[in-house]
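Visitor: Take a look at start-v1.txt, compact mmCIF, C-alpha atoms:
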# COMPACT_ATOMS: atom_id res chain seq x y z
CA MET H 6 -57.08 -10.03 1.76
CA THR H 7 -54.23 -11.33 -0.33
CA CYS H 8 -50.87 -9.56 -0.22
CA LYS H 9 -49.01 -9.13 -3.45
CA ARG H 10 -45.51 -10.50 -3.52
CA THR H 11 -42.87 -8.46 -5.23
CA ALA H 12 -40.86 -10.61 -7.57
CA ARG H 13 -37.14 -10.51 -6.94
CA ARG H 14 -35.01 -9.39 -9.83
CA PRO H 15 -32.69 -12.15 -10.99
CA PRO H 16 -29.02 -11.46 -10.33
CA GLU H 17 -27.43 -9.36 -13.06
CA THR H 18 -24.21 -10.77 -14.47
CA VAL H 19 -22.00 -8.54 -16.59
CA ARG H 20 -18.77 -8.94 -18.51
CA LEU H 21 -16.05 -6.38 -17.82
CA THR H 22 -12.49 -5.55 -18.69
CA ILE H 23 -10.70 -4.13 -15.65
CA ASP H 24 -9.00 -0.87 -16.59
CA SER H 25 -7.54 0.25 -13.25
CA LEU H 26 -7.40 -0.25 -9.49
CA ALA H 27 -9.15 2.09 -7.08
CA PHE H 28 -7.93 3.43 -3.74
CA GLY H 29 -9.52 0.90 -1.42
CA GLY H 30 -8.47 -2.10 -3.51
CA ASP H 31 -11.26 -2.78 -6.01
CA GLY H 32 -10.71 -3.20 -9.72
CA VAL H 33 -12.60 -0.75 -11.94
CA GLY H 34 -14.15 -1.57 -15.30
CA ARG H 35 -17.06 -0.71 -17.57
CA ASP H 36 -19.77 -2.98 -18.87
CA ALA H 37 -21.12 -2.97 -22.42
CA ALA H 38 -23.44 -0.06 -21.57
CA GLY H 39 -20.55 2.05 -20.26
CA ARG H 40 -21.54 1.73 -16.59
CA VAL H 41 -18.62 1.84 -14.17
CA ALA H 42 -18.37 -1.19 -11.89
CA PHE H 43 -16.09 -1.81 -8.89
CA VAL H 44 -15.11 -5.46 -8.44
CA PRO H 45 -12.77 -6.70 -5.66
CA GLY H 46 -10.29 -9.47 -6.40
CA THR H 47 -9.58 -8.30 -9.94
CA ALA H 48 -6.39 -7.05 -11.60
CA PRO H 49 -5.70 -4.56 -14.40
CA GLY H 50 -6.29 -6.14 -17.79
CA ASP H 51 -8.52 -8.91 -16.42
CA GLU H 52 -11.52 -9.81 -18.51
CA VAL H 53 -14.11 -11.06 -16.01
CA THR H 54 -17.73 -11.84 -15.38
CA ALA H 55 -19.16 -10.26 -12.25
CA GLU H 56 -22.49 -10.32 -10.45
CA ILE H 57 -23.85 -6.87 -9.64
CA VAL H 58 -24.68 -6.72 -5.93
CA GLU H 59 -25.25 -2.99 -5.47
CA GLU H 60 -26.50 -0.30 -7.83
CA LYS H 61 -25.64 3.35 -7.21
CA LYS H 62 -26.15 6.50 -9.21
CA GLY H 63 -23.44 6.44 -11.83
CA PHE H 64 -21.74 3.17 -10.81
CA ALA H 65 -22.27 -0.34 -9.51
CA ARG H 66 -20.51 -2.77 -7.21
CA GLY H 67 -20.00 -6.36 -8.19
CA GLU H 68 -18.59 -9.65 -6.98
CA LEU H 69 -16.15 -11.61 -9.11
CA VAL H 70 -17.70 -14.71 -10.70
CA ARG H 71 -14.99 -15.83 -13.12
CA VAL H 72 -11.77 -14.62 -14.67
CA VAL H 73 -12.33 -15.15 -18.40
CA ARG H 74 -8.89 -13.92 -19.41
CA PRO H 75 -6.25 -12.88 -16.85
CA GLY H 76 -4.44 -9.58 -17.00
CA ALA H 77 -1.68 -8.56 -14.58
CA ARG H 78 -2.43 -11.45 -12.23
CA VAL H 79 -0.02 -13.60 -10.24
CA GLU H 80 -0.40 -16.51 -7.83
CA PRO H 81 -0.78 -15.04 -4.30
CA PRO H 82 2.28 -15.97 -2.20
CA CYS H 83 0.18 -16.57 0.94
CA PRO H 84 -2.49 -19.32 1.17
CA ARG H 85 -4.46 -17.25 3.68
CA PHE H 86 -5.08 -14.64 0.98
CA ALA H 87 -7.23 -17.14 -0.92
CA ALA H 88 -9.02 -17.89 2.36
CA GLY H 89 -10.16 -14.27 2.51
CA CYS H 90 -7.58 -12.74 4.87
CA GLY H 91 -7.95 -8.97 4.84
CA GLY H 92 -4.37 -8.17 5.82
CA CYS H 93 -3.59 -7.62 2.13
CA GLN H 94 -5.74 -6.68 -0.85
CA TRP H 95 -3.45 -7.03 -3.87
CA GLN H 96 -1.40 -10.22 -3.50
CA HIS H 97 -3.03 -11.42 -6.73
CA VAL H 98 -1.74 -8.36 -8.65
CA ALA H 99 1.72 -8.27 -10.24
CA LEU H 100 4.05 -5.98 -8.30
CA ALA H 101 4.72 -3.64 -11.24
CA ALA H 102 0.97 -3.27 -11.77
CA GLN H 103 0.48 -2.52 -8.07
CA ARG H 104 3.01 0.29 -8.20
CA ALA H 105 1.64 1.70 -11.44
CA ALA H 106 -1.85 1.68 -9.90
CA LYS H 107 -0.68 3.53 -6.80
CA GLU H 108 1.06 6.20 -8.83
CA ASP H 109 -2.07 6.57 -10.96
CA ILE H 110 -4.23 6.88 -7.83
CA VAL H 111 -2.02 9.70 -6.56
CA ARG H 112 -1.98 11.48 -9.92
CA ARG H 113 -5.76 11.33 -10.27
CA ALA H 114 -6.36 12.48 -6.69
CA LEU H 115 -3.98 15.46 -6.94
CA ARG H 116 -4.72 16.53 -10.51
CA HIS H 117 -6.42 19.78 -9.45
CA VAL H 118 -3.84 20.88 -6.85
CA VAL H 119 -0.45 19.58 -8.03
CA PRO H 120 0.90 20.06 -11.57
CA ALA H 121 1.32 16.72 -13.34
CA GLU H 122 5.02 17.36 -13.96
CA ALA H 123 5.57 17.94 -10.22
CA ILE H 124 4.43 14.41 -9.31
CA ARG H 125 7.45 12.14 -9.21
CA PRO H 126 7.48 8.48 -10.24
CA ILE H 127 6.55 6.22 -7.35
CA ALA H 128 9.36 5.10 -5.05
CA ALA H 129 9.41 1.53 -3.74
CA PRO H 130 11.73 1.24 -0.72
CA SER H 131 10.12 -1.84 0.85
CA PRO H 132 10.71 -5.42 -0.35
CA PRO H 133 7.66 -7.22 -1.79
CA LEU H 134 7.30 -9.36 1.35
CA GLY H 135 8.75 -9.48 4.86
CA TRP H 136 8.74 -5.71 5.34
CA ARG H 137 6.30 -5.24 8.22
CA ARG H 138 7.93 -4.28 11.54
CA ARG H 139 4.61 -3.35 13.12
CA ALA H 140 1.38 -5.33 13.12
CA ARG H 141 -2.04 -5.30 14.72
CA LEU H 142 -4.03 -8.52 14.97
CA ARG H 143 -7.27 -9.46 16.66
CA PHE H 144 -8.23 -12.45 18.74
CA ARG H 145 -11.60 -13.98 19.43
CA ARG H 146 -12.68 -17.39 20.76
CA GLY H 147 -9.22 -18.91 20.34
CA THR H 148 -8.58 -17.45 16.89
CA LEU H 149 -5.74 -14.96 16.38
CA GLY H 150 -5.39 -13.24 13.04
CA TYR H 151 -6.71 -10.55 10.71
CA LEU H 152 -10.27 -9.69 9.79
CA ALA H 153 -11.48 -11.27 6.58
CA ARG H 154 -11.98 -8.91 3.64
CA ARG H 155 -15.27 -7.00 3.93
CA SER H 156 -16.22 -9.02 7.00
CA HIS H 157 -16.08 -9.08 10.79
CA GLU H 158 -14.98 -12.72 10.73
CA LEU H 159 -11.43 -13.56 11.75
CA VAL H 160 -8.99 -15.51 9.59
CA ASP H 161 -6.59 -17.52 11.76
CA VAL H 162 -2.99 -16.52 11.01
CA ASP H 163 -0.22 -18.80 12.24
CA THR H 164 2.40 -17.10 10.07
CA CYS H 165 2.38 -14.02 7.84
CA PRO H 166 4.80 -13.44 4.94
CA GLN H 167 4.35 -9.69 5.31
CA LEU H 168 6.00 -9.70 8.75
CA GLU H 169 9.72 -9.37 9.17
CA PRO H 170 10.95 -12.87 10.16
CA ALA H 171 11.74 -11.83 13.76
CA LEU H 172 8.22 -10.45 14.16
CA ASP H 173 6.76 -13.63 12.69
CA ALA H 174 8.71 -15.63 15.28
CA ALA H 175 7.25 -13.47 18.05
CA LEU H 176 3.76 -14.10 16.66
CA ALA H 177 4.40 -17.85 16.85
CA ALA H 178 5.50 -17.52 20.49
CA LEU H 179 2.40 -15.50 21.32
CA ARG H 180 0.12 -18.09 19.75
CA ALA H 181 1.52 -20.72 22.14
CA ILE H 182 -0.40 -19.04 24.98
CA PRO H 183 -4.17 -19.06 24.34
CA LEU H 184 -5.74 -15.62 24.75
CA PRO H 185 -9.17 -15.75 26.42
CA GLY H 186 -12.09 -13.62 25.29
CA ALA H 187 -11.60 -11.08 22.53
CA GLY H 188 -9.35 -8.12 21.91
CA ASP H 189 -6.35 -6.77 20.03
CA VAL H 190 -2.65 -7.63 19.88
CA GLU H 191 -0.06 -5.13 18.67
CA LEU H 192 3.54 -6.03 17.87
CA LEU H 193 6.53 -3.76 17.21
CA LEU H 194 10.02 -4.87 16.13
CA THR H 195 13.18 -2.82 16.61
CA ARG H 196 16.32 -2.96 14.47
CA ARG H 197 18.05 -4.69 17.36
CA GLY H 198 15.62 -7.58 17.10
CA GLU H 199 13.62 -6.66 20.21
CA VAL H 200 9.86 -7.08 20.09
CA HIS H 201 7.35 -5.07 22.10
CA VAL H 202 3.88 -6.56 22.66
CA ALA H 203 0.67 -4.80 23.72
CA VAL H 204 -2.51 -6.77 24.42
CA ASP H 205 -5.92 -5.20 24.96
CA GLY H 206 -8.58 -7.67 26.10
CA PRO H 207 -10.77 -7.54 29.22
CA GLU H 208 -10.32 -11.24 30.01
CA VAL H 209 -6.54 -11.37 29.49
CA ARG H 210 -4.42 -11.39 32.64
CA ALA H 211 -0.96 -9.90 32.44
CA ALA H 212 0.45 -12.77 34.53
CA ASP H 213 -0.60 -15.25 31.81
CA LEU H 214 1.68 -13.55 29.29
CA ALA H 215 4.64 -12.97 31.61
CA PRO H 216 6.34 -16.26 30.57
CA LEU H 217 6.74 -14.83 27.05
CA LEU H 218 9.28 -12.30 28.25
CA GLY H 219 12.65 -13.18 26.73
CA ARG H 220 11.23 -15.59 24.15
CA ALA H 221 11.56 -14.79 20.43
CA GLY H 222 13.12 -11.43 21.26
CA ILE H 223 10.14 -10.23 23.31
CA ALA H 224 11.55 -7.46 25.51
CA GLY H 225 8.36 -5.94 26.89
CA ILE H 226 4.69 -6.83 27.34
CA VAL H 227 1.91 -4.37 28.17
CA VAL H 228 -1.54 -5.61 29.15
CA ARG H 229 -4.03 -2.81 29.87
CA GLY H 230 -1.40 -0.66 31.55
CA GLU H 231 0.41 -3.44 33.41
CA THR H 232 3.96 -3.92 32.11
CA PHE H 233 6.40 -6.82 32.16
CA GLY H 234 9.90 -5.93 31.03
CA ALA H 235 10.35 -2.79 28.95
CA ALA H 236 7.57 -0.24 28.87
CA GLU H 237 9.13 1.18 25.68
CA VAL H 238 11.81 0.05 23.24
CA ASP H 239 14.45 1.92 21.26
CA LEU H 240 13.72 1.50 17.55
CA GLY H 241 17.44 1.84 16.84
CA ASP H 242 16.86 3.79 13.62
CA GLY H 243 18.94 6.87 14.36
CA ASP H 244 22.08 8.18 15.99
CA ALA H 245 20.21 8.66 19.27
CA PRO H 246 17.64 6.45 21.02
CA PHE H 247 14.11 6.77 19.69
CA TRP H 248 11.58 5.38 22.13
CA ALA H 249 8.42 3.68 20.90
CA ALA H 250 5.82 1.21 22.12
CA ALA H 251 3.63 -1.39 20.45
CA ASP H 252 0.45 0.48 21.34
CA GLY H 253 1.73 3.73 19.83
CA PHE H 254 2.01 4.67 16.15
CA ALA H 255 5.07 3.80 14.08
CA GLN H 256 5.41 3.47 10.32
CA ALA H 257 4.97 -0.14 9.23
CA SER H 258 8.23 -0.49 7.32
CA ASP H 259 11.79 0.34 8.35
CA ALA H 260 12.98 1.05 4.81
CA GLY H 261 9.83 3.00 4.04
CA ASN H 262 10.20 5.15 7.12
CA ASP H 263 13.83 5.87 6.27
CA LEU H 264 12.72 7.21 2.89
CA LEU H 265 9.88 9.28 4.37
CA ARG H 266 12.32 10.89 6.79
CA ALA H 267 14.72 11.70 3.96
CA LEU H 268 11.88 13.24 1.94
CA VAL H 269 10.82 15.39 4.90
CA ARG H 270 14.38 16.65 5.23
CA GLU H 271 14.46 17.43 1.51
CA ALA H 272 11.11 19.20 1.55
CA ALA H 273 11.91 21.27 4.64
CA GLY H 274 15.32 22.33 3.33
CA ALA H 275 17.96 23.88 5.56
CA VAL H 276 16.23 24.51 8.88
CA ALA H 277 19.12 25.58 11.12
CA GLY H 278 18.16 28.75 12.94
CA ARG H 279 14.67 28.79 11.44
CA ARG H 280 11.31 28.55 13.24
CA VAL H 281 9.35 25.37 12.51
CA LEU H 282 5.80 24.34 13.40
CA GLU H 283 5.10 20.61 13.31
CA LEU H 284 1.54 19.35 13.76
CA TYR H 285 0.50 15.74 14.40
CA ALA H 286 4.05 15.19 15.59
CA GLY H 287 3.32 11.81 17.21
CA SER H 288 6.33 10.49 19.10
CA GLY H 289 8.68 12.72 17.11
CA ASN H 290 9.49 10.55 14.10
CA PHE H 291 10.03 13.58 11.86
CA THR H 292 10.82 16.06 14.64
CA ARG H 293 14.33 14.66 14.88
CA ASP H 294 14.85 15.38 11.16
CA LEU H 295 14.17 19.07 11.78
CA ALA H 296 16.94 19.29 14.38
CA GLY H 297 18.77 22.58 14.55
CA ALA H 298 15.58 24.59 14.18
CA ASP H 299 13.47 26.32 16.81
CA ILE H 300 10.62 23.78 16.75
CA VAL H 301 7.13 23.85 18.18
CA ALA H 302 5.91 20.25 17.94
CA VAL H 303 2.17 19.77 18.54
CA GLU H 304 0.59 16.44 19.48
CA GLU H 305 -2.90 15.93 20.94
CA SER H 306 -2.48 12.37 22.29
CA PRO H 307 -1.13 12.57 25.87
CA ALA H 308 0.75 9.25 25.54
CA ALA H 309 2.37 10.24 22.24
CA ALA H 310 3.16 13.74 23.53
CA ALA H 311 4.92 12.27 26.57
CA ARG H 312 7.01 10.06 24.30
CA LEU H 313 7.66 13.04 22.01
CA ALA H 314 9.01 15.00 24.98
CA ARG H 315 11.32 12.09 25.79
CA ASN H 316 12.54 11.78 22.21
CA ALA H 317 12.86 15.51 21.54
CA ARG H 318 16.25 17.13 21.30
CA ALA H 319 17.31 20.65 22.21
CA GLY H 320 15.25 23.41 20.62
CA VAL H 321 11.95 21.52 20.67
CA ARG H 322 8.91 22.70 22.58
CA VAL H 323 5.97 20.30 22.84
CA GLY H 324 2.53 21.87 22.47
CA GLY H 325 -1.05 20.69 22.89
CA ALA H 326 -3.92 20.94 20.44
CA ASP H 327 -3.87 24.69 19.70
CA VAL H 328 -2.05 26.19 16.74
CA PRO H 329 0.47 28.69 18.15
CA GLU H 330 0.93 32.15 16.70
CA GLY H 331 3.52 32.70 13.98
CA PRO H 332 5.57 33.64 12.27
CA PHE H 333 7.05 30.31 11.13
CA ASP H 334 9.49 29.57 8.34
CA VAL H 335 8.36 25.97 7.89
CA VAL H 336 5.10 24.15 8.66
CA ALA H 337 5.15 20.32 8.60
CA VAL H 338 2.12 18.07 9.10
CA ASP H 339 1.63 14.29 9.25
CA PRO H 340 -2.09 13.81 9.98
CA PRO H 341 -4.04 10.53 10.20
CA ARG H 342 -6.00 9.10 7.28
CA THR H 343 -8.82 11.59 7.85
CA GLY H 344 -6.47 14.48 7.08
CA LEU H 345 -6.33 17.88 8.77
CA SER H 346 -9.10 18.71 11.22
CA PRO H 347 -11.89 20.93 9.81
CA GLY H 348 -10.76 24.51 9.18
CA LEU H 349 -7.12 23.80 10.01
CA ALA H 350 -5.82 24.11 6.45
CA ALA H 351 -7.13 27.67 6.22
CA LYS H 352 -5.57 28.55 9.59
CA LEU H 353 -2.22 27.17 8.50
CA ALA H 354 -2.42 29.00 5.17
CA ALA H 355 -2.95 32.23 7.10
CA LEU H 356 0.40 31.70 8.87
CA ALA H 357 2.04 32.27 5.46
CA ALA H 358 5.09 30.12 6.22
CA PRO H 359 7.33 30.10 3.12
CA THR H 360 7.67 26.28 3.21
CA PHE H 361 4.95 23.71 3.83
CA VAL H 362 5.56 19.94 4.15
CA TYR H 363 2.66 17.48 4.10
CA VAL H 364 3.07 13.74 4.77
CA SER H 365 -0.11 11.87 3.82
CA CYS H 366 -1.39 8.29 3.87
CA ASP H 367 -4.59 9.17 1.99
CA PRO H 368 -4.38 10.87 -1.43
CA PRO H 369 -8.05 12.06 -1.47
CA THR H 370 -7.79 13.87 1.87
CA LEU H 371 -4.39 15.24 0.84
CA ALA H 372 -6.01 16.79 -2.24
CA ARG H 373 -8.80 18.25 -0.12
CA ASP H 374 -6.35 19.80 2.34
CA LEU H 375 -4.03 21.21 -0.32
CA ALA H 376 -6.85 23.06 -2.09
CA PRO H 377 -7.08 25.96 0.43
CA LEU H 378 -3.28 26.18 0.55
CA VAL H 379 -3.08 26.45 -3.23
CA ALA H 380 -5.87 29.04 -3.17
CA ALA H 381 -3.81 31.03 -0.64
CA GLY H 382 -0.79 31.14 -2.97
CA TYR H 383 1.12 27.94 -2.24
CA ARG H 384 2.59 25.98 -5.14
CA ALA H 385 3.48 22.31 -5.04
CA VAL H 386 7.16 22.00 -5.94
CA TRP H 387 6.99 18.22 -5.92
CA ALA H 388 4.92 15.33 -4.61
CA GLN H 389 6.51 11.92 -4.05
CA PRO H 390 4.32 8.78 -3.95
CA VAL H 391 5.85 5.99 -1.85
CA ASP H 392 4.88 2.30 -1.98
CA LEU H 393 5.48 1.80 1.72
CA MET H 394 3.20 -1.26 2.05
CA PRO H 395 3.41 -3.68 -0.92
CA GLN H 396 0.53 -6.10 -1.56
CA THR H 397 -1.94 -3.52 -0.20
CA PHE H 398 -3.69 -0.51 -1.73
CA HIS H 399 -2.07 1.88 0.75
CA VAL H 400 0.23 4.59 -0.61
CA GLU H 401 2.08 7.41 1.15
CA VAL H 402 2.72 10.83 -0.36
CA VAL H 403 5.14 13.55 0.73
CA ALA H 404 4.36 16.96 -0.78
CA ALA H 405 6.67 19.98 -0.73
CA LEU H 406 4.99 23.38 -1.15
CA ARG H 407 6.37 26.89 -1.39
CA LEU H 408 4.49 30.13 -0.88
CA ALA H 409 4.61 32.25 -4.01
CA VAL H 410 6.30 35.61 -3.51
CA THR H 411 4.08 38.52 -4.60
Hey, can you dump this file as structure tokens for me?

Guide:
Amino acid sequence: MTCKRTARRPPETVRLTIDSLAFGGDGVGRDAAGRVAFVPGTAPGDEVTAEIVEEKKGFARGELVRVVRPGARVEPPCPRFAAGCGGCQWQHVALAAQRAAKEDIVRRALRHVVPAEAIRPIAAPSPPLGWRRRARLRFRRGTLGYLARRSHELVDVDTCPQLEPALDAALAALRAIPLPGAGDVELLLTRRGEVHVAVDGPEVRAADLAPLLGRAGIAGIVVRGETFGAAEVDLGDGDAPFWAAADGFAQASDAGNDLLRALVREAAGAVAGRRVLELYAGSGNFTRDLAGADIVAVEESPAAAARLARNARAGVRVGGADVPEGPFDVVAVDPPRTGLSPGLAAKLAALAAPTFVYVSCDPPTLARDLAPLVAAGYRAVWAQPVDLMPQTFHVEVVAALRLAVT
């Protein structure tokens, strides 16, 4: 019996003009038939040929073949970008086009829940390069760097123009000691120039890294719970110590975090003597900006909650995972990329706090979470997009909502 062989379809090549950039990094264009195609490595205004690699209902995904006529393209400042490093997605896109794309992404995501006139022009507090005070790299078989774009392969990174210079120097010092096996490295830089290092790898011995202490500003090293030097460092970004660690969360940019804190203060308004509920409080980054209020700060992570308790000032009570009973005058949330946990938005809407502050790193989940709040009578007074992380597709949004008085 002879089996029939199914002939493979030849690759389909299309010509596109890239109209916009999508959240996630891809350029978006339409072919001659009007089909939407997502193509990484493209910039707004590019006229390109692309090979279709995946067909979906209503759209396709392609790979860039050739730039026929460039649009808002620039020469990437880092040679590792051309080698496929996934630490950035938009180094090939002109900075003004990056910012316009991020504002457009926010406007499109929030169009059903925030009035267009309430969305402010994007703010850009971080410099184009050298802004990163916090970084996470991976190591494997002697290579230390970032994952390649759309791959599990590692791109070796000996220096990174996105890092603040002091953090780049610490990376160079770390590379001088080979890390066995595979794992993660996290770095955190304070405003005093101190660097905290956390290494997670089953084959790494803490004693091997101990000689790094004191080099390139390295003030503390944590290897799977074993600590050399400081277990935590003071970020030095306030009028009181704020304790943080490399293996805990901190915003990636100093200037960007300063602006986010100012926006939270603006959105919350005068809080002295008022009752505030803060969820996803982390180590207390925004809790300190609500000082003077009676605050219930909720954080699920035990390590972050312990640090929150250390950073908290008078009038702050640290809670676990449950939403406490109201009433509250202000509710503030800063959830992860996945947004509020299922059903939480409705619970928070039921508290009927007059002021609601939402800090988001994902415009689509922000829109999803605001919908039940808007349905419950909240109105977005303003939403501020922030280009916290240039050369990437990431964009932060702070939204200020007020409960309509009936």

Visitor: Of the residues H:Glu330, H:Asp213, H:Glu283, H:Glu169, which is the one nearest to Val303 of chain H, using all atoms listed in the file?

Guide: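 Closest residue, counting all atoms listed in the file: H:Glu283.
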
Visitor: Each residue of segment 101-126 of chain H with at least one atom at most 7 Å from segment 358-376 of chain H should appear once, together with its nearest atom pair and the corresponding distance in Å (one decimal); atoms considered: all atoms listed in the file; ordering: chain, then increasing residue number; output as JSON lines.

Guide:
{"residue": "H:Val111", "atom": "CA", "partner": "H:Pro368", "partner_atom": "CA", "distance": 5.8}
{"residue": "H:Ala114", "atom": "CA", "partner": "H:Pro369", "partner_atom": "CA", "distance": 5.5}
{"residue": "H:Leu115", "atom": "CA", "partner": "H:Ala372", "partner_atom": "CA", "distance": 5.3}
{"residue": "H:Val118", "atom": "CA", "partner": "H:Ala376", "partner_atom": "CA", "distance": 6.0}

Visitor: Find the distance between atom CA of Glu401 of chain H and atom CA of Val281 of chain H and write it in Å to one decimal.

Guide: 22.5 Å

Visitor: Return the single residue from H:Arg137, H:Ala250, H:Ala87, H:Asp205 that is closest to Ala308 of chain H, with distances computed using all atoms listed in the file.

Guide: H:Ala250

Visitor: Considering only C-alpha atoms, state which residue in the set H:Ala99, H:Leu393, H:Leu134, H:Val162 is at the smallest distance from Gly147 of chain H.

Guide: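 Of the candidates, the smallest distance to Gly147 of chain H is held by H:Val162.
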
Visitor: Could you list, as a PDB file with C-alpha atoms, in the frame of the given file, every residue within 8 Å of segment 27-42 of chain H, counting all atoms listed in the file and ignoring same-chain residues fewer than 5 positions away?

Guide:
ATOM      1  CA  VAL H  19     -22.000  -8.540 -16.590  1.00  0.00           C
ATOM      2  CA  ARG H  20     -18.770  -8.940 -18.510  1.00  0.00           C
ATOM      3  CA  LEU H  21     -16.050  -6.380 -17.820  1.00  0.00           C
ATOM      4  CA  THR H  22     -12.490  -5.550 -18.690  1.00  0.00           C
ATOM      5  CA  THR H  47      -9.580  -8.300  -9.940  1.00  0.00           C
ATOM      6  CA  ALA H  48      -6.390  -7.050 -11.600  1.00  0.00           C
ATOM      7  CA  PRO H  49      -5.700  -4.560 -14.400  1.00  0.00           C
ATOM      8  CA  GLY H  63     -23.440   6.440 -11.830  1.00  0.00           C
ATOM      9  CA  PHE H  64     -21.740   3.170 -10.810  1.00  0.00           C
ATOM     10  CA  ALA H  65     -22.270  -0.340  -9.510  1.00  0.00           C
ATOM     11  CA  ARG H  66     -20.510  -2.770  -7.210  1.00  0.00           C
ATOM     12  CA  GLY H  67     -20.000  -6.360  -8.190  1.00  0.00           C
ATOM     13  CA  GLN H  94      -5.740  -6.680  -0.850  1.00  0.00           C
ATOM     14  CA  TRP H  95      -3.450  -7.030  -3.870  1.00  0.00           C
ATOM     15  CA  ALA H 106      -1.850   1.680  -9.900  1.00  0.00           C
ATOM     16  CA  LYS H 107      -0.680   3.530  -6.800  1.00  0.00           C
ATOM     17  CA  ILE H 110      -4.230   6.880  -7.830  1.00  0.00           C
ATOM     18  CA  THR H 397      -1.940  -3.520  -0.200  1.00  0.00           C
ATOM     19  CA  PHE H 398      -3.690  -0.510  -1.730  1.00  0.00           C
ATOM     20  CA  HIS H 399      -2.070   1.880   0.750  1.00  0.00           C
TER      21      HIS H 399
END
